[in-house]
Amino acid sequence: MLERVLEARRRDLGSVDKDVRERRELALAAIEGYAALLREPSSQTPSGSLIRYCFKLVFPDGRWSVDEKQLAAAPHEGDVLAFAGYGDWRIQGSQRVGVAPAGKPQREFFVCAPAA
């Protein structure tokens with residue numbers, strides 16, 4: 001549909017002043033370039049790219065800490081990960097936490113316990 005509208009606008013260029021025509025030609029070229037980008041296939045996450053995940057490390061005495069790790073693939077329950085200064089931790093599940101301001105998506109934290 002966008003291509004049809006752009007083509008119709010190109011046909012209408014003959015009926016406008018030279019100055020206006022040049023500006024509109026540039027604008028149409030920019031929009032056509034954008035439309036070409038929309039048609040290109042996109043890759044969500046190229047292989048090898050790292051995604052940042054949040055982890056809640058729950059200690060046996062009830063204290064907890066939050067840490068982040070960049071991983072190539074999403075972690076799953078049962079996975080064991082090493083955290084610098086904390087050792088190995090096993091993922092027990094996930095927890096969603098609301099954020100401010102309202103309307104933003106909730107953040108997901110992977111809840112972990114010591115793997116020992």
# chains A, B, ... in the order shown; residues from 1 in each chain; ligands from 1
>>> select_by_dssp(residues="segment 1-111 of chain A", states="helix (DSSP H, G or I)", output="number ranges by chain")
A: 2-15, 18-39
>>> write_last_selection(atoms="C-alpha atoms", output="PDB file, in the first residue's frame")
ATOM      1  CA  LEU A   2       2.859   2.367   0.858  1.00  0.00           C
ATOM      2  CA  GLU A   3       4.411   1.779  -2.564  1.00  0.00           C
ATOM      3  CA  ARG A   4       1.147   2.688  -4.303  1.00  0.00           C
ATOM      4  CA  VAL A   5       0.842   5.919  -2.332  1.00  0.00           C
ATOM      5  CA  LEU A   6       4.448   6.862  -3.107  1.00  0.00           C
ATOM      6  CA  GLU A   7       3.907   6.160  -6.808  1.00  0.00           C
ATOM      7  CA  ALA A   8       0.783   8.349  -6.825  1.00  0.00           C
ATOM      8  CA  ARG A   9       2.720  11.183  -5.152  1.00  0.00           C
ATOM      9  CA  ARG A  10       5.490  10.860  -7.756  1.00  0.00           C
ATOM     10  CA  ARG A  11       2.902  11.216 -10.534  1.00  0.00           C
ATOM     11  CA  ASP A  12       1.540  14.369  -8.848  1.00  0.00           C
ATOM     12  CA  LEU A  13       4.975  16.044  -8.860  1.00  0.00           C
ATOM     13  CA  GLY A  14       4.483  17.394 -12.395  1.00  0.00           C
ATOM     14  CA  SER A  15       1.765  19.749 -11.217  1.00  0.00           C
ATOM     15  CA  LYS A  18      10.045  23.527  -9.283  1.00  0.00           C
ATOM     16  CA  ASP A  19      11.168  24.403  -5.714  1.00  0.00           C
ATOM     17  CA  VAL A  20       8.354  22.427  -4.137  1.00  0.00           C
ATOM     18  CA  ARG A  21       8.955  19.540  -6.557  1.00  0.00           C
ATOM     19  CA  GLU A  22      12.634  19.242  -5.576  1.00  0.00           C
ATOM     20  CA  ARG A  23      11.796  19.145  -1.858  1.00  0.00           C
ATOM     21  CA  ARG A  24       9.054  16.582  -2.404  1.00  0.00           C
ATOM     22  CA  GLU A  25      11.332  14.446  -4.602  1.00  0.00           C
ATOM     23  CA  LEU A  26      13.903  14.363  -1.786  1.00  0.00           C
ATOM     24  CA  ALA A  27      11.225  13.519   0.756  1.00  0.00           C
ATOM     25  CA  LEU A  28       9.819  10.751  -1.424  1.00  0.00           C
ATOM     26  CA  ALA A  29      13.302   9.317  -1.960  1.00  0.00           C
ATOM     27  CA  ALA A  30      13.840   9.245   1.808  1.00  0.00           C
ATOM     28  CA  ILE A  31      10.506   7.509   2.380  1.00  0.00           C
ATOM     29  CA  GLU A  32      11.264   4.997  -0.385  1.00  0.00           C
ATOM     30  CA  GLY A  33      14.601   4.257   1.274  1.00  0.00           C
ATOM     31  CA  TYR A  34      12.782   3.666   4.558  1.00  0.00           C
ATOM     32  CA  ALA A  35      10.286   1.379   2.803  1.00  0.00           C
ATOM     33  CA  ALA A  36      13.198  -0.607   1.358  1.00  0.00           C
ATOM     34  CA  LEU A  37      14.570  -1.076   4.877  1.00  0.00           C
ATOM     35  CA  LEU A  38      11.186  -2.378   6.008  1.00  0.00           C
ATOM     36  CA  ARG A  39      11.256  -5.015   3.270  1.00  0.00           C
TER      37      ARG A  39
END
>>> select_by_dssp(residues="chain A", states="strand (DSSP E)", output="MDAnalysis selection string")
chainID A and resid 51:58 64:71 80:83 87:97 107:114
>>> write_last_selection(atoms="N, CA and C atoms", output="mmCIF file, in the first residue's frame")
data_model
loop_
_atom_site.group_PDB
_atom_site.id
_atom_site.type_symbol
_atom_site.label_atom_id
_atom_site.label_comp_id
_atom_site.auth_asym_id
_atom_site.auth_seq_id
_atom_site.Cartn_x
_atom_site.Cartn_y
_atom_site.Cartn_z
ATOM 1 N N ILE A 51 22.892 -11.363 25.125
ATOM 2 C CA ILE A 51 21.732 -10.669 25.666
ATOM 3 C C ILE A 51 21.904 -10.603 27.173
ATOM 4 N N ARG A 52 21.577 -9.448 27.754
ATOM 5 C CA ARG A 52 21.731 -9.262 29.195
ATOM 6 C C ARG A 52 20.508 -9.798 29.934
ATOM 7 N N TYR A 53 20.755 -10.647 30.948
ATOM 8 C CA TYR A 53 19.709 -11.206 31.789
ATOM 9 C C TYR A 53 19.975 -10.811 33.240
ATOM 10 N N CYS A 54 18.908 -10.687 34.025
ATOM 11 C CA CYS A 54 19.014 -10.315 35.438
ATOM 12 C C CYS A 54 18.781 -11.555 36.300
ATOM 13 N N PHE A 55 19.555 -11.655 37.376
ATOM 14 C CA PHE A 55 19.474 -12.804 38.267
ATOM 15 C C PHE A 55 19.334 -12.340 39.707
ATOM 16 N N LYS A 56 18.475 -13.019 40.456
ATOM 17 C CA LYS A 56 18.323 -12.777 41.892
ATOM 18 C C LYS A 56 18.953 -13.975 42.598
ATOM 19 N N LEU A 57 20.057 -13.735 43.280
ATOM 20 C CA LEU A 57 20.778 -14.786 43.987
ATOM 21 C C LEU A 57 20.285 -14.816 45.427
ATOM 22 N N VAL A 58 19.587 -15.890 45.802
ATOM 23 C CA VAL A 58 18.989 -16.001 47.128
ATOM 24 C C VAL A 58 19.892 -16.887 47.997
ATOM 25 N N TRP A 64 19.520 -11.737 49.800
ATOM 26 C CA TRP A 64 19.637 -11.923 48.351
ATOM 27 C C TRP A 64 20.413 -10.778 47.742
ATOM 28 N N SER A 65 20.878 -11.019 46.521
ATOM 29 C CA SER A 65 21.631 -10.034 45.758
ATOM 30 C C SER A 65 21.173 -10.119 44.312
ATOM 31 N N VAL A 66 21.334 -9.037 43.591
ATOM 32 C CA VAL A 66 20.962 -9.005 42.176
ATOM 33 C C VAL A 66 22.230 -8.875 41.351
ATOM 34 N N ASP A 67 22.298 -9.637 40.269
ATOM 35 C CA ASP A 67 23.451 -9.580 39.379
ATOM 36 C C ASP A 67 22.958 -9.704 37.941
ATOM 37 N N GLU A 68 23.786 -9.330 37.011
ATOM 38 C CA GLU A 68 23.467 -9.450 35.587
ATOM 39 C C GLU A 68 24.529 -10.293 34.916
ATOM 40 N N LYS A 69 24.121 -10.940 33.845
ATOM 41 C CA LYS A 69 25.051 -11.751 33.066
ATOM 42 C C LYS A 69 24.627 -11.659 31.605
ATOM 43 N N GLN A 70 25.596 -11.583 30.715
ATOM 44 C CA GLN A 70 25.304 -11.590 29.284
ATOM 45 C C GLN A 70 25.495 -13.008 28.767
ATOM 46 N N LEU A 71 24.441 -13.529 28.125
ATOM 47 C CA LEU A 71 24.461 -14.903 27.629
ATOM 48 C C LEU A 71 24.029 -14.938 26.169
ATOM 49 N N VAL A 80 23.115 -24.200 35.635
ATOM 50 C CA VAL A 80 24.054 -23.734 36.655
ATOM 51 C C VAL A 80 24.953 -22.683 36.017
ATOM 52 N N LEU A 81 25.047 -21.523 36.675
ATOM 53 C CA LEU A 81 25.866 -20.425 36.176
ATOM 54 C C LEU A 81 26.840 -19.984 37.254
ATOM 55 N N ALA A 82 28.008 -19.538 36.841
ATOM 56 C CA ALA A 82 29.004 -19.024 37.775
ATOM 57 C C ALA A 82 28.913 -17.500 37.813
ATOM 58 N N PHE A 83 28.918 -16.946 39.034
ATOM 59 C CA PHE A 83 28.914 -15.502 39.225
ATOM 60 C C PHE A 83 30.183 -15.124 39.968
ATOM 61 N N GLY A 87 30.406 -17.751 43.235
ATOM 62 C CA GLY A 87 30.464 -19.179 42.910
ATOM 63 C C GLY A 87 29.359 -19.600 41.954
ATOM 64 N N ASP A 88 29.014 -20.902 42.010
ATOM 65 C CA ASP A 88 28.023 -21.482 41.102
ATOM 66 C C ASP A 88 26.623 -21.414 41.700
ATOM 67 N N TRP A 89 25.651 -21.084 40.841
ATOM 68 C CA TRP A 89 24.258 -20.953 41.252
ATOM 69 C C TRP A 89 23.356 -21.692 40.272
ATOM 70 N N ARG A 90 22.311 -22.348 40.807
ATOM 71 C CA ARG A 90 21.351 -23.086 39.976
ATOM 72 C C ARG A 90 20.065 -22.265 39.861
ATOM 73 N N ILE A 91 19.568 -22.135 38.643
ATOM 74 C CA ILE A 91 18.326 -21.387 38.402
ATOM 75 C C ILE A 91 17.150 -22.232 38.878
ATOM 76 N N GLN A 92 16.316 -21.647 39.735
ATOM 77 C CA GLN A 92 15.149 -22.344 40.278
ATOM 78 C C GLN A 92 13.841 -21.902 39.638
ATOM 79 N N GLY A 93 13.857 -20.799 38.942
ATOM 80 C CA GLY A 93 12.645 -20.285 38.314
ATOM 81 C C GLY A 93 12.849 -18.835 37.934
ATOM 82 N N SER A 94 11.745 -18.143 37.678
ATOM 83 C CA SER A 94 11.860 -16.726 37.337
ATOM 84 C C SER A 94 10.798 -15.946 38.098
ATOM 85 N N GLN A 95 11.019 -14.654 38.198
ATOM 86 C CA GLN A 95 10.126 -13.753 38.924
ATOM 87 C C GLN A 95 10.008 -12.473 38.111
ATOM 88 N N ARG A 96 8.789 -12.005 37.947
ATOM 89 C CA ARG A 96 8.572 -10.739 37.230
ATOM 90 C C ARG A 96 8.357 -9.634 38.253
ATOM 91 N N VAL A 97 9.014 -8.508 38.006
ATOM 92 C CA VAL A 97 8.955 -7.386 38.927
ATOM 93 C C VAL A 97 8.468 -6.157 38.170
ATOM 94 N N ARG A 107 10.116 -6.445 34.511
ATOM 95 C CA ARG A 107 11.435 -7.042 34.316
ATOM 96 C C ARG A 107 11.413 -8.464 34.840
ATOM 97 N N GLU A 108 12.104 -9.344 34.147
ATOM 98 C CA GLU A 108 12.182 -10.740 34.579
ATOM 99 C C GLU A 108 13.525 -10.988 35.231
ATOM 100 N N PHE A 109 13.492 -11.566 36.418
ATOM 101 C CA PHE A 109 14.685 -11.968 37.145
ATOM 102 C C PHE A 109 14.665 -13.482 37.255
ATOM 103 N N PHE A 110 15.795 -14.114 36.998
ATOM 104 C CA PHE A 110 15.923 -15.542 37.191
ATOM 105 C C PHE A 110 16.374 -15.769 38.625
ATOM 106 N N VAL A 111 15.565 -16.496 39.405
ATOM 107 C CA VAL A 111 15.827 -16.721 40.815
ATOM 108 C C VAL A 111 16.757 -17.930 40.947
ATOM 109 N N CYS A 112 17.858 -17.730 41.684
ATOM 110 C CA CYS A 112 18.887 -18.763 41.801
ATOM 111 C C CYS A 112 19.194 -19.083 43.251
ATOM 112 N N ALA A 113 19.627 -20.317 43.488
ATOM 113 C CA ALA A 113 20.093 -20.766 44.801
ATOM 114 C C ALA A 113 21.494 -21.338 44.601
ATOM 115 N N PRO A 114 22.297 -21.365 45.665
ATOM 116 C CA PRO A 114 23.643 -21.936 45.536
ATOM 117 C C PRO A 114 23.577 -23.359 44.981
#
>>> atom_distance(atom1="atom CA of Glu77 of chain A", atom2="atom CA of Pro101 of chain A")
29.5 Å
>>> atom_distance(atom1="atom CA of Ala74 of chain A", atom2="atom CA of Leu50 of chain A")
9.7 Å
>>> atom_distance(atom1="atom CA of Ala116 of chain A", atom2="atom CA of Arg63 of chain A")
16.9 Å
>>> decode(residues="segment 15-38 of chain A", atoms="N, CA and C atoms", output="JSON list (two decimals), in the first residue's frame")
[["chain", "number", "residue", "atom", "x", "y", "z"],
["A", 15, "SER", "N", 2.70, 18.63, -11.33],
["A", 15, "SER", "CA", 1.76, 19.75, -11.22],
["A", 15, "SER", "C", 2.16, 20.76, -10.14],
["A", 16, "VAL", "N", 3.37, 20.67, -9.60],
["A", 16, "VAL", "CA", 3.80, 21.62, -8.55],
["A", 16, "VAL", "C", 5.00, 22.43, -9.02],
["A", 17, "ASP", "N", 5.26, 23.56, -8.35],
["A", 17, "ASP", "CA", 6.40, 24.42, -8.69],
["A", 17, "ASP", "C", 7.72, 23.66, -8.57],
["A", 18, "LYS", "N", 8.74, 24.19, -9.26],
["A", 18, "LYS", "CA", 10.04, 23.53, -9.28],
["A", 18, "LYS", "C", 10.65, 23.39, -7.89],
["A", 19, "ASP", "N", 10.60, 24.45, -7.07],
["A", 19, "ASP", "CA", 11.17, 24.40, -5.71],
["A", 19, "ASP", "C", 10.46, 23.36, -4.86],
["A", 20, "VAL", "N", 9.15, 23.38, -4.92],
["A", 20, "VAL", "CA", 8.35, 22.43, -4.14],
["A", 20, "VAL", "C", 8.61, 21.01, -4.64],
["A", 21, "ARG", "N", 8.72, 20.85, -5.96],
["A", 21, "ARG", "CA", 8.95, 19.54, -6.56],
["A", 21, "ARG", "C", 10.27, 18.95, -6.06],
["A", 22, "GLU", "N", 11.33, 19.75, -6.02],
["A", 22, "GLU", "CA", 12.63, 19.24, -5.58],
["A", 22, "GLU", "C", 12.57, 18.77, -4.12],
["A", 23, "ARG", "N", 11.93, 19.55, -3.27],
["A", 23, "ARG", "CA", 11.80, 19.14, -1.86],
["A", 23, "ARG", "C", 10.99, 17.86, -1.73],
["A", 24, "ARG", "N", 9.91, 17.77, -2.48],
["A", 24, "ARG", "CA", 9.05, 16.58, -2.40],
["A", 24, "ARG", "C", 9.77, 15.37, -2.98],
["A", 25, "GLU", "N", 10.56, 15.57, -4.04],
["A", 25, "GLU", "CA", 11.33, 14.45, -4.60],
["A", 25, "GLU", "C", 12.31, 13.89, -3.57],
["A", 26, "LEU", "N", 12.98, 14.80, -2.83],
["A", 26, "LEU", "CA", 13.90, 14.36, -1.79],
["A", 26, "LEU", "C", 13.16, 13.63, -0.67],
["A", 27, "ALA", "N", 12.01, 14.16, -0.30],
["A", 27, "ALA", "CA", 11.22, 13.52, 0.76],
["A", 27, "ALA", "C", 10.75, 12.14, 0.32],
["A", 28, "LEU", "N", 10.27, 12.05, -0.91],
["A", 28, "LEU", "CA", 9.82, 10.75, -1.42],
["A", 28, "LEU", "C", 10.97, 9.75, -1.49],
["A", 29, "ALA", "N", 12.14, 10.21, -1.90],
["A", 29, "ALA", "CA", 13.30, 9.32, -1.96],
["A", 29, "ALA", "C", 13.65, 8.80, -0.57],
["A", 30, "ALA", "N", 13.55, 9.67, 0.43],
["A", 30, "ALA", "CA", 13.84, 9.24, 1.81],
["A", 30, "ALA", "C", 12.82, 8.22, 2.28],
["A", 31, "ILE", "N", 11.56, 8.45, 1.97],
["A", 31, "ILE", "CA", 10.51, 7.51, 2.38],
["A", 31, "ILE", "C", 10.68, 6.18, 1.64],
["A", 32, "GLU", "N", 11.04, 6.23, 0.37],
["A", 32, "GLU", "CA", 11.26, 5.00, -0.39],
["A", 32, "GLU", "C", 12.44, 4.21, 0.19],
["A", 33, "GLY", "N", 13.48, 4.93, 0.63],
["A", 33, "GLY", "CA", 14.60, 4.26, 1.27],
["A", 33, "GLY", "C", 14.16, 3.58, 2.56],
["A", 34, "TYR", "N", 13.32, 4.25, 3.33],
["A", 34, "TYR", "CA", 12.78, 3.67, 4.56],
["A", 34, "TYR", "C", 11.94, 2.43, 4.23],
["A", 35, "ALA", "N", 11.12, 2.52, 3.20],
["A", 35, "ALA", "CA", 10.29, 1.38, 2.80],
["A", 35, "ALA", "C", 11.17, 0.19, 2.39],
["A", 36, "ALA", "N", 12.28, 0.47, 1.74],
["A", 36, "ALA", "CA", 13.20, -0.61, 1.36],
["A", 36, "ALA", "C", 13.78, -1.28, 2.60],
["A", 37, "LEU", "N", 14.08, -0.49, 3.62],
["A", 37, "LEU", "CA", 14.57, -1.08, 4.88],
["A", 37, "LEU", "C", 13.52, -1.97, 5.52],
["A", 38, "LEU", "N", 12.26, -1.57, 5.43],
["A", 38, "LEU", "CA", 11.19, -2.38, 6.01],
["A", 38, "LEU", "C", 11.05, -3.72, 5.31]]
